[in-house]
Structures are given as structure tokens and as C-alpha cells.
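Asker: One structure coming up, written as C-alpha cells, with questions to follow.
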Amino acid sequence: MKINRNFRAVLTVVSSFLVSVIFLWPLRLIMPIADDLHLITQGSGIMRRYGFMHVLDLWTDFSLSSAHLTPIGGVWSAIYVWITNQLALRTPLTLASAWGVMRVLAIAIAIQGALHFGRTITRWLKLSDSFNFIFLLVLLATIQVHGYWSNDPVISFPIAAWAFCTIGFYFLSFLLRATNSDIWTKRSSAYIATALAFLGVLTYELFIAFLVAGFLLIGWRSVFQRGWRNKDFYLLLVATVLPILFLLFGQVARLSSGSSYEGTEISVQSTSILKMFFVAVISTLPLTNLHLTHLLVPHGKIVATQFWTSFVVLIVLAVWSIRSKKLNNYRTSRIDITSVLSAMFALSVVATAVIIVTPKYQSELNSIVGKVYINYAPAWIATSLIISLFLGLMLNLNRRLFAIVGLLLIPIAGAWQMTANLRQVVALTENSSWSKQMLTLLEAPIPENLRRCNEFDRLFSLPLPEYYQSAIYEGLQESYSGTYGVPYCDYENLGTRSAVSVRNVAGIGPVEFLAGGEGVFWSNSEEVAVDITYRGTQRFIGLLEVRLEPTPCLIEYKVIIKIGDHLPQSLVLTNQAVSASRLVALNPNQVIKVNIQQSGEFCKIPTDPRSFMPLLMIPRLVNN
């Protein structure tokens, strides 16, 4: 009997994991973007050049010395990138597709952690044994994609979001088992819960939400149901209070050391912070990404086979949950139900509050319904558990009513949600093709240096933050050099081109770059600002030349150049004087600030139906 029970338990875990992977499989198509692209390019290069241990040492040190105090998070990052590289090197998968597969597996593993907590609740609350099928059904039916950038843990941040989330739900599960020795007799639950608490704190700061949830889960019952027991008190102290104090004092020490990062600083000065918090909480609820999806991809398409595969999974889970037998008919304690609900509510609210008090995410989320951050991962699971709990209790009251809800409403709502998700997946896949091309060059090298450098032209022409573009640039250079022994882009051997890259700072929307790396751009804006970075490896002393393409239009450019602390210099270009230069001395990676003010007539480009100012050449470096 025991063997049979263990076999059933293993079969349940394996089957629920496979079902989750099948449902989430379309998410693998999303290219690595945001910090994911930085992580994979930097990590792959260092790993291929110096080995896994160097990456592990680098990222754990960075976690301790930077804005975070999360060395275990650095360990997870190193392991994640190592597995991705092994898949790319030893299987037909590319780096981009391997990262996508790992994203799916990370979310599926987090779902397993949530289901482990669900199985604990099932026995503790004496629910129907169909509860975990209901829970899995609701989880899959409510997951949302919130493209386009780095805010959404479903499409990015797979390590930070799902690692601490997995640890958190196992922590809650073992914490609950440790206080119910009449059901779970193993004494190891308390030790496991305590170890997971400190492991979670050292993985990501947002784990504090799980600690607060754990305190309410046990403390609520202890106060209102049977009074404090010594075992419960000591467990709460060691497994929740001490890790919270450890985290808080660690953050205070970090701030006092002068380490700064807007994502971990605290700012509550904004007058609209309460509105931001409310909108951020609302945005984690089911179906709240539908409006954002319409704004981002109003006419997006979906892949029918992916839709029907996922829809069949929901139908099978709904039927499976209906056909499951009841465990018993005992009356469930209201205090116990209330403690679970309060813990899950606190988990969602605290995770969101920790995010919203930081200036970085106040500016990024900016009170738009449907925009989320890493807080979405625990909040989504917590909300799904609350919904599943009500459905599970409904099953005990009225099986027919539950059948209608489970078989009809949940799959229908899930299908609606899937449509929005798949539209965004298709749009993200198409719009992030530049990311795939960059990673592909790490595995299928292009011999022409100019073609590789053109990929950097595309990167720097995109409206992305400077720190992000620089990180991708450095990561790709390191990765390519470590793999093939030559730079990804050798700026000093580009023939007629200069060792410079150009990044848009202002006028991002109107500015467009010609394909093929000709080094020419046009704009229909009267003023454009760009950063030009000298990418040579040696100090350069020579002329910085700016040239205007000859044109019949009456045009005048005032080009203001500023290098470091030197006074700005002005160059004036017209359709008669199409070239001007200044003597400069540049160090490697030095940035030249360029402001371009243009006035005159708009010119008609024969190959384009729109009207633009004349073509301006990217500044060139010319030796004396």
C-alpha cells in the first residue's frame, strides 16, 4: 500500500510537471531580451573563456558588493547560464532557443513548488483530493504575458523571479507541516523550513513577502485557534522573524556603504504612490493584461496549433478535477481557511509594495494597468490559490455547480487569456529578432567583420537604455573573443568606417538608420542628440569629421560637439559646405556628445514616400 501511495505521488508530480511544460511551451519562442540578453552574453563569454567557476565567483562577488546582498542569486544565475550553454553546445538548440526552453522549465518548476504547498493545504484543510487539479487548472488558465520590455517575469528574469518563488512555496509548505505534527510526523520539516527561509533571503530581497506570509499562516492560527505553543513560537522566531531582521539589517548596511541602485533604493515621496500601488496590485489579477495587449498588438495573430494544444490541456484538467474523488466530508476550520487567505493576500500585497516603493519601478510601471514586475510571479500564484480554494470549497457544497464552473467558465476564460498571450508571443518573437541574430553569431560566426559590426549598429540605434546597450556590447565582445579568438566587431579594421558607434539619446522616434551599416541617418526632427563612443583600443589623436550628403535642399546643420570636460565646439554644415572637422584626442571608450540642430527645407527621398531632412553622415575619425 505504501509503495502504491508513493508511486501515485511520483506519478502526480511528473504528470503535473509535463502538463505545465506542454501548456507553457509557446513561451520558449520569445527571444532573450532586457537583462536576460545581458546575462546570457556576458555569462557565455566569461564561461567559455575562463570556465564556470570564474562566472560563479564573479557573480557572487557582484551580488555582495553591488546593490543586492544575494550571493545565492549569483549561484543560480551561474548555474542557469551554464545549463543554457551546455544545451547550446551539446544539442541542436541555439543559445536563444535553449534560453527559451529554460524559461519554460523555470516556470514549470515554480508551479511544482506551488502544488507542493497545495498538497499540504489539501490534507490540512481536509479538502477534496481534486484540489491540486483545480489549482493547476487555475494556474495555467490565468498566467499572463505582459510584453514588451523587462518588466514581465513570464518573458524575462527567469532566474530571479522563479527561483525565489519556488523556494518560497516550498518554505510555506514545510513551515505548515512543521506545526502539524499530528498529520506530518517527520521532525525534519522545521529544519527544512528554516534552511529554505535563509536560502530565499540570500536569493532575492522580494523573499520577504514569503516570510510575512509564513508569519501570518502560523501566527494567525496560534493566536485565534489554540493559543501560542512553544514549538510554534520558536519556529516563527527562527524561520520568519530572524530572516526578516537579517534581510532588513543587510539592506541598511548596503545603503550605508554607499552602494546605489534605483531598484533597491526607497522613495515614498511621490504623491501618486498609493495609486501606483493600487494599479500594480490590480495588474497581477487575471485578465488584466487584455487592454495592454490590445494597445501593444491590436492586430496581432496567433498560432492555431499552439492555441488548441493549450486549450485541450485546460479541458483535460477540468474533467480530471471533476472526476476526482472526495477525500472526506469533515468540516474545515474557518480559522485555518482565514489563515491561508490572509497569508496569500499578504504575499501578493507585500511583494508589490516592496517593488512600488523603489524609484526605478515607479517610473517603469507608472500606473498603467497590465504592467508588472517580478512581483507578478508570487502574486499570480497566490491569487490562483485563493481562486482554487474557493472552487475547492464549492465542490464540497455543490458538485454540480462546481462542474459548471470548472468545465465551462475556467477553460473559456483561459482560452480568452491564451489568445492575448499568444498574440504577444508572436509580436515579441518578431520584434526581438535582433536579439536572436546577435546570439546566433556566437554559434555560427560570420567571417566578415563589417557584417558583425552592423549588428552593433542595430543595437545602438534601438531606443534602449545606455547602460543596457553597453552591457550587451561588452558581453558580446567577450563572448565572441572567448569562443573564436577575434572581436565580435573589430572597429579598427573596418576599412572606410571609423572606430565609433552611435547611440540615439534624443529624437529617438524620428531618427532612422539606413540598413547595411552605411553610417548615414536622417531625421524629420529639428534637433537630434546622439552619443558617439570611440571603440578603438589605442588612444586616438586626429580629426573628427562630420559630413553632409550633397543635396539640392537649402539646409543648415549646427553640430555641437562636447568631449569630456572640454568646452563644446560648433560645426556648421550647409549644402555648400558639406564637411567640417576638428582636432580631437580620444581615449578608448570615450564618449563624444553630439547635438544636431537642423533648419531649412525638407527633402524628398526618392526611395521613400516620406519627407526628411538631408542625410547626415555619422562622424568619422581621420588620421592627420
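Just remember, in the C-alpha cells the first chain shown is A, the second B, etc., residues are 1-based per chain, and ligands are 1-based in the order shown.
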Might you pull out every residue within 10 Å of Ile40 in chain A, with only C-alpha atoms counted and same-chain residues fewer than 5 positions away left off, and present them as a ChimeraX atom specification?
Answerer: /A:32-33,35,45-46,77-78,80-82,84-85,95-96,99,439,472,475-476,479
Asker: Using only C-alpha atoms, determine which residues lie at most 12 Å from Trp320 in chain A, disregarding the query and same-chain residues fewer than 3 positions distant; provide the list as a list in words.
Answerer: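 Using only C-alpha atoms, the neighbours found are Ser16, Asp129, Ser130, Phe131, Asn132, Phe133, Ile134, Phe135, Leu136, Leu137, Val313, Leu314, Ile315, Val316, Leu317, Arg323, Ser324, Lys325, Ala403, Gly406 and Leu407 of chain A.
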Asker: Put those residues in a file: N, CA, C and O atoms, as a PDB file, in the first residue's frame.
Answerer:
```pdb
ATOM      1  N   SER A  16       1.902  16.396 -13.607  1.00  0.00           N
ATOM      2  CA  SER A  16       1.604  17.828 -13.499  1.00  0.00           C
ATOM      3  C   SER A  16       2.734  18.671 -14.069  1.00  0.00           C
ATOM      4  O   SER A  16       2.490  19.728 -14.680  1.00  0.00           O
ATOM      5  N   ASP A 129      -9.583  15.701  -2.838  1.00  0.00           N
ATOM      6  CA  ASP A 129      -8.284  15.406  -3.425  1.00  0.00           C
ATOM      7  C   ASP A 129      -8.172  15.939  -4.850  1.00  0.00           C
ATOM      8  O   ASP A 129      -7.149  15.775  -5.505  1.00  0.00           O
ATOM      9  N   SER A 130      -9.239  16.560  -5.320  1.00  0.00           N
ATOM     10  CA  SER A 130      -9.184  17.206  -6.638  1.00  0.00           C
ATOM     11  C   SER A 130      -8.604  18.619  -6.551  1.00  0.00           C
ATOM     12  O   SER A 130      -8.425  19.270  -7.581  1.00  0.00           O
ATOM     13  N   PHE A 131      -8.295  19.084  -5.338  1.00  0.00           N
ATOM     14  CA  PHE A 131      -7.872  20.467  -5.168  1.00  0.00           C
ATOM     15  C   PHE A 131      -6.653  20.806  -6.025  1.00  0.00           C
ATOM     16  O   PHE A 131      -6.587  21.871  -6.646  1.00  0.00           O
ATOM     17  N   ASN A 132      -5.664  19.904  -6.075  1.00  0.00           N
ATOM     18  CA  ASN A 132      -4.462  20.218  -6.822  1.00  0.00           C
ATOM     19  C   ASN A 132      -4.687  20.218  -8.323  1.00  0.00           C
ATOM     20  O   ASN A 132      -4.002  20.917  -9.049  1.00  0.00           O
ATOM     21  N   PHE A 133      -5.645  19.428  -8.807  1.00  0.00           N
ATOM     22  CA  PHE A 133      -6.003  19.512 -10.211  1.00  0.00           C
ATOM     23  C   PHE A 133      -6.671  20.864 -10.499  1.00  0.00           C
ATOM     24  O   PHE A 133      -6.438  21.487 -11.528  1.00  0.00           O
ATOM     25  N   ILE A 134      -7.517  21.285  -9.561  1.00  0.00           N
ATOM     26  CA  ILE A 134      -8.150  22.599  -9.696  1.00  0.00           C
ATOM     27  C   ILE A 134      -7.097  23.698  -9.682  1.00  0.00           C
ATOM     28  O   ILE A 134      -7.117  24.622 -10.504  1.00  0.00           O
ATOM     29  N   PHE A 135      -6.160  23.577  -8.742  1.00  0.00           N
ATOM     30  CA  PHE A 135      -5.109  24.577  -8.590  1.00  0.00           C
ATOM     31  C   PHE A 135      -4.275  24.687  -9.871  1.00  0.00           C
ATOM     32  O   PHE A 135      -4.004  25.786 -10.375  1.00  0.00           O
ATOM     33  N   LEU A 136      -3.867  23.539 -10.430  1.00  0.00           N
ATOM     34  CA  LEU A 136      -3.090  23.550 -11.653  1.00  0.00           C
ATOM     35  C   LEU A 136      -3.906  24.123 -12.813  1.00  0.00           C
ATOM     36  O   LEU A 136      -3.385  24.882 -13.640  1.00  0.00           O
ATOM     37  N   LEU A 137      -5.185  23.775 -12.871  1.00  0.00           N
ATOM     38  CA  LEU A 137      -6.070  24.301 -13.911  1.00  0.00           C
ATOM     39  C   LEU A 137      -6.138  25.823 -13.842  1.00  0.00           C
ATOM     40  O   LEU A 137      -6.001  26.511 -14.860  1.00  0.00           O
ATOM     41  N   VAL A 313      -5.332  21.019 -23.019  1.00  0.00           N
ATOM     42  CA  VAL A 313      -4.767  20.807 -21.678  1.00  0.00           C
ATOM     43  C   VAL A 313      -5.733  21.311 -20.607  1.00  0.00           C
ATOM     44  O   VAL A 313      -5.973  20.637 -19.599  1.00  0.00           O
ATOM     45  N   LEU A 314      -6.321  22.488 -20.807  1.00  0.00           N
ATOM     46  CA  LEU A 314      -7.275  23.029 -19.834  1.00  0.00           C
ATOM     47  C   LEU A 314      -8.510  22.144 -19.714  1.00  0.00           C
ATOM     48  O   LEU A 314      -9.011  21.902 -18.610  1.00  0.00           O
ATOM     49  N   ILE A 315      -9.024  21.645 -20.826  1.00  0.00           N
ATOM     50  CA  ILE A 315     -10.210  20.789 -20.803  1.00  0.00           C
ATOM     51  C   ILE A 315      -9.909  19.494 -20.057  1.00  0.00           C
ATOM     52  O   ILE A 315     -10.709  19.026 -19.215  1.00  0.00           O
ATOM     53  N   VAL A 316      -8.757  18.900 -20.340  1.00  0.00           N
ATOM     54  CA  VAL A 316      -8.382  17.649 -19.662  1.00  0.00           C
ATOM     55  C   VAL A 316      -8.264  17.870 -18.162  1.00  0.00           C
ATOM     56  O   VAL A 316      -8.746  17.055 -17.352  1.00  0.00           O
ATOM     57  N   LEU A 317      -7.640  18.969 -17.749  1.00  0.00           N
ATOM     58  CA  LEU A 317      -7.515  19.255 -16.317  1.00  0.00           C
ATOM     59  C   LEU A 317      -8.881  19.489 -15.679  1.00  0.00           C
ATOM     60  O   LEU A 317      -9.127  19.062 -14.541  1.00  0.00           O
ATOM     61  N   ARG A 323     -13.757  14.549 -11.968  1.00  0.00           N
ATOM     62  CA  ARG A 323     -13.878  13.107 -11.760  1.00  0.00           C
ATOM     63  C   ARG A 323     -13.128  12.615 -10.529  1.00  0.00           C
ATOM     64  O   ARG A 323     -13.267  11.460 -10.134  1.00  0.00           O
ATOM     65  N   SER A 324     -12.319  13.476  -9.909  1.00  0.00           N
ATOM     66  CA  SER A 324     -11.578  13.064  -8.713  1.00  0.00           C
ATOM     67  C   SER A 324     -12.525  12.819  -7.552  1.00  0.00           C
ATOM     68  O   SER A 324     -13.554  13.481  -7.407  1.00  0.00           O
ATOM     69  N   LYS A 325     -12.153  11.878  -6.717  1.00  0.00           N
ATOM     70  CA  LYS A 325     -12.990  11.518  -5.570  1.00  0.00           C
ATOM     71  C   LYS A 325     -12.737  12.472  -4.405  1.00  0.00           C
ATOM     72  O   LYS A 325     -11.678  13.056  -4.280  1.00  0.00           O
ATOM     73  N   ALA A 403     -19.002  21.690 -11.267  1.00  0.00           N
ATOM     74  CA  ALA A 403     -18.782  21.124 -12.594  1.00  0.00           C
ATOM     75  C   ALA A 403     -19.024  22.170 -13.675  1.00  0.00           C
ATOM     76  O   ALA A 403     -18.281  22.252 -14.662  1.00  0.00           O
ATOM     77  N   GLY A 406     -16.064  24.627 -13.380  1.00  0.00           N
ATOM     78  CA  GLY A 406     -14.802  24.017 -13.780  1.00  0.00           C
ATOM     79  C   GLY A 406     -14.741  23.647 -15.241  1.00  0.00           C
ATOM     80  O   GLY A 406     -13.737  23.862 -15.913  1.00  0.00           O
ATOM     81  N   LEU A 407     -15.820  23.087 -15.758  1.00  0.00           N
ATOM     82  CA  LEU A 407     -15.830  22.590 -17.129  1.00  0.00           C
ATOM     83  C   LEU A 407     -16.098  23.667 -18.165  1.00  0.00           C
ATOM     84  O   LEU A 407     -15.700  23.540 -19.314  1.00  0.00           O
TER      85      LEU A 407
END
```
Asker: Between A:Thr429, A:Phe207, A:Glu443, A:Val405, which residue has the minimum interatomic distance to Ile355 in chain A, considering only C-alpha atoms?
Answerer: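 So, comparing all the options, the nearest one is A:Phe207.
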Asker: Would you mind telling me which residue in A:Val584, A:Ala193, A:Val297, A:Ala34 lies nearest to Thr419 in chain A when using only C-alpha atoms?
Answerer: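 Of all the options, A:Val297 lies closest to Thr419 in chain A.
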Asker: Identify, on the basis of only C-alpha atoms, every residue whose closest approach to Trp25 in chain A does not exceed 10 Å; exclude the query and any residue fewer than 2 positions from it along the same chain; express the result as JSON, numbers by chain.
Answerer: {"A": [19, 20, 21, 22, 23, 27, 28, 29, 100, 101, 103, 104, 105, 306, 309, 310]}
Asker: Write to file, as an mmCIF file, in the first residue's frame, the residues of the selection just made, with N, CA and C atoms.
Answerer:
```cif
data_model
loop_
_atom_site.group_PDB
_atom_site.id
_atom_site.type_symbol
_atom_site.label_atom_id
_atom_site.label_comp_id
_atom_site.auth_asym_id
_atom_site.auth_seq_id
_atom_site.Cartn_x
_atom_site.Cartn_y
_atom_site.Cartn_z
ATOM 1 N N VAL A 19 2.429 18.391 -17.933
ATOM 2 C CA VAL A 19 1.279 19.180 -18.389
ATOM 3 C C VAL A 19 1.629 20.661 -18.393
ATOM 4 N N SER A 20 2.324 21.110 -17.360
ATOM 5 C CA SER A 20 2.726 22.525 -17.286
ATOM 6 C C SER A 20 3.665 22.885 -18.430
ATOM 7 N N VAL A 21 4.629 22.017 -18.707
ATOM 8 C CA VAL A 21 5.586 22.271 -19.783
ATOM 9 C C VAL A 21 4.875 22.349 -21.132
ATOM 10 N N ILE A 22 3.944 21.425 -21.366
ATOM 11 C CA ILE A 22 3.200 21.420 -22.637
ATOM 12 C C ILE A 22 2.420 22.723 -22.803
ATOM 13 N N PHE A 23 1.764 23.156 -21.732
ATOM 14 C CA PHE A 23 0.965 24.373 -21.806
ATOM 15 C C PHE A 23 1.845 25.601 -22.013
ATOM 16 N N LEU A 27 6.007 29.788 -24.824
ATOM 17 C CA LEU A 27 6.845 30.842 -24.245
ATOM 18 C C LEU A 27 8.315 30.682 -24.618
ATOM 19 N N ARG A 28 8.695 29.488 -25.069
ATOM 20 C CA ARG A 28 10.094 29.272 -25.443
ATOM 21 C C ARG A 28 10.489 30.094 -26.662
ATOM 22 N N LEU A 29 9.495 30.534 -27.449
ATOM 23 C CA LEU A 29 9.765 31.248 -28.696
ATOM 24 C C LEU A 29 10.234 32.680 -28.471
ATOM 25 N N GLY A 100 15.012 29.932 -24.065
ATOM 26 C CA GLY A 100 13.557 29.833 -24.049
ATOM 27 C C GLY A 100 13.074 28.568 -23.378
ATOM 28 N N VAL A 101 13.742 27.447 -23.663
ATOM 29 C CA VAL A 101 13.373 26.176 -23.012
ATOM 30 C C VAL A 101 13.597 26.274 -21.510
ATOM 31 N N ARG A 103 13.451 28.924 -19.726
ATOM 32 C CA ARG A 103 12.398 29.779 -19.176
ATOM 33 C C ARG A 103 11.148 28.954 -18.864
ATOM 34 N N VAL A 104 10.754 28.111 -19.806
ATOM 35 C CA VAL A 104 9.581 27.256 -19.601
ATOM 36 C C VAL A 104 9.791 26.329 -18.414
ATOM 37 N N LEU A 105 10.959 25.711 -18.325
ATOM 38 C CA LEU A 105 11.239 24.788 -17.225
ATOM 39 C C LEU A 105 11.245 25.516 -15.881
ATOM 40 N N GLN A 306 -0.803 26.009 -31.424
ATOM 41 C CA GLN A 306 -0.439 26.277 -30.036
ATOM 42 C C GLN A 306 -1.671 26.563 -29.183
ATOM 43 N N THR A 309 -3.637 23.175 -28.632
ATOM 44 C CA THR A 309 -2.902 22.305 -27.713
ATOM 45 C C THR A 309 -3.106 22.750 -26.274
ATOM 46 N N SER A 310 -2.962 24.046 -26.034
ATOM 47 C CA SER A 310 -3.137 24.575 -24.674
ATOM 48 C C SER A 310 -4.585 24.452 -24.214
#
```
Asker: Calculated over only C-alpha atoms, which of the candidates A:Gly118, A:Pro359, A:Gly542, A:Pro153 has the smallest distance to Cys165 in chain A?
Answerer: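 When distances to Cys165 in chain A are compared using only C-alpha atoms, the smallest one comes from A:Pro153.
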Asker: Would you list, as a PyMOL selection string, the residues of range 53-249 of chain A that end up in helix (DSSP H, G or I) under DSSP run on this structure's backbone?
Answerer: chain A and resi 53-65+71-90+95-125+131-142+158-178+188-201+205-226+230-249
Asker: Of the residues A:Val252, A:Ile167, A:Val14, A:Ile183, which is the one nearest to Lys126 in chain A, using only C-alpha atoms?
Answerer: A:Ile183
Asker: Pick the closest to Gln477 in chain A from A:Ala379, A:Val500, A:Cys453, A:Phe460: which is it, counting only C-alpha atoms?
Answerer: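 Answer, going by the shortest atom-to-atom distance: A:Cys453.
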Asker: Check the smallest atom-to-atom distance from each of A:Thr142, A:Val340, A:Phe278, A:Leu196 to Gly219 in chain A using only C-alpha atoms, then report the winner.
Answerer: A:Val340
Asker: Please list as a list in words every residue within 6 Å of Val594 in chain A, counting only C-alpha atoms and excluding residues in the same chain fewer than 4 positions away.
Answerer: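 The neighbour list is Ala529, Val530, Ile560 and Ile561 of chain A.
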Asker: Hey, can you spit out that residue selection with C-alpha atoms as a compact mmCIF listing (two decimals), in the first residue's frame?
Answerer:
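Final output, saved to selection.txt:
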```
# COMPACT_ATOMS: atom_id res chain seq x y z
CA ALA A 529 21.18 64.29 -29.83
CA VAL A 530 23.45 61.26 -30.10
CA ILE A 560 27.69 70.93 -31.27
CA ILE A 561 30.39 68.50 -30.10
```
Asker: Quick one: everything within 10 Å of Val546 in chain A, counting only C-alpha atoms, minus sequence neighbours fewer than 5 positions away in the same chain. Send it as a list in words.
Answerer: Val559, Leu571, Val572, Leu573, Val578, Ser579, Ala580, Ser581, Arg582, Leu616, Met617, Ile618, Pro619, Arg620 and Leu621 of chain A
Asker: Pick out the residues sitting within 9 Å of Asn449 in chain A, and hand them over as a ChimeraX atom specification; count only C-alpha atoms, and ignore anything fewer than 5 positions along from it in its own chain.
Answerer: /A:454,487-491,493-494
Asker: Could you write out the selected residues, including C-alpha atoms, as a PDB file, in the first residue's frame?
Answerer:
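Contents of again.pdb, as written:
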```pdb
ATOM      1  CA  ASN A 454      26.347  46.067 -38.453  1.00  0.00           C
ATOM      2  CA  PRO A 487      36.460  40.501 -31.562  1.00  0.00           C
ATOM      3  CA  TYR A 488      32.782  40.428 -32.374  1.00  0.00           C
ATOM      4  CA  CYS A 489      33.350  43.776 -34.017  1.00  0.00           C
ATOM      5  CA  ASP A 490      36.890  44.938 -34.741  1.00  0.00           C
ATOM      6  CA  TYR A 491      36.253  48.658 -35.127  1.00  0.00           C
ATOM      7  CA  ASN A 493      39.696  47.229 -39.149  1.00  0.00           C
ATOM      8  CA  LEU A 494      36.581  48.497 -40.863  1.00  0.00           C
TER       9      LEU A 494
END
```
Asker: In Å, how far is it from CA of Thr70 in chain A to CA of Ser348 in chain A?
Answerer: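 These two atoms are separated by 21.4 Å.
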Asker: What's the separation between CA of Ala190 in chain A and CA of Ala178 in chain A, in Å to one decimal place?
Answerer: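 Taking CA of Ala190 in chain A as the start and CA of Ala178 in chain A as the end point, the length is 5.0 Å.
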Asker: What is the distance between CA of Phe311 in chain A and CA of Ala98 in chain A, in Å to one decimal?
Answerer: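 Computing it gives 25.0 Å between the two atoms.
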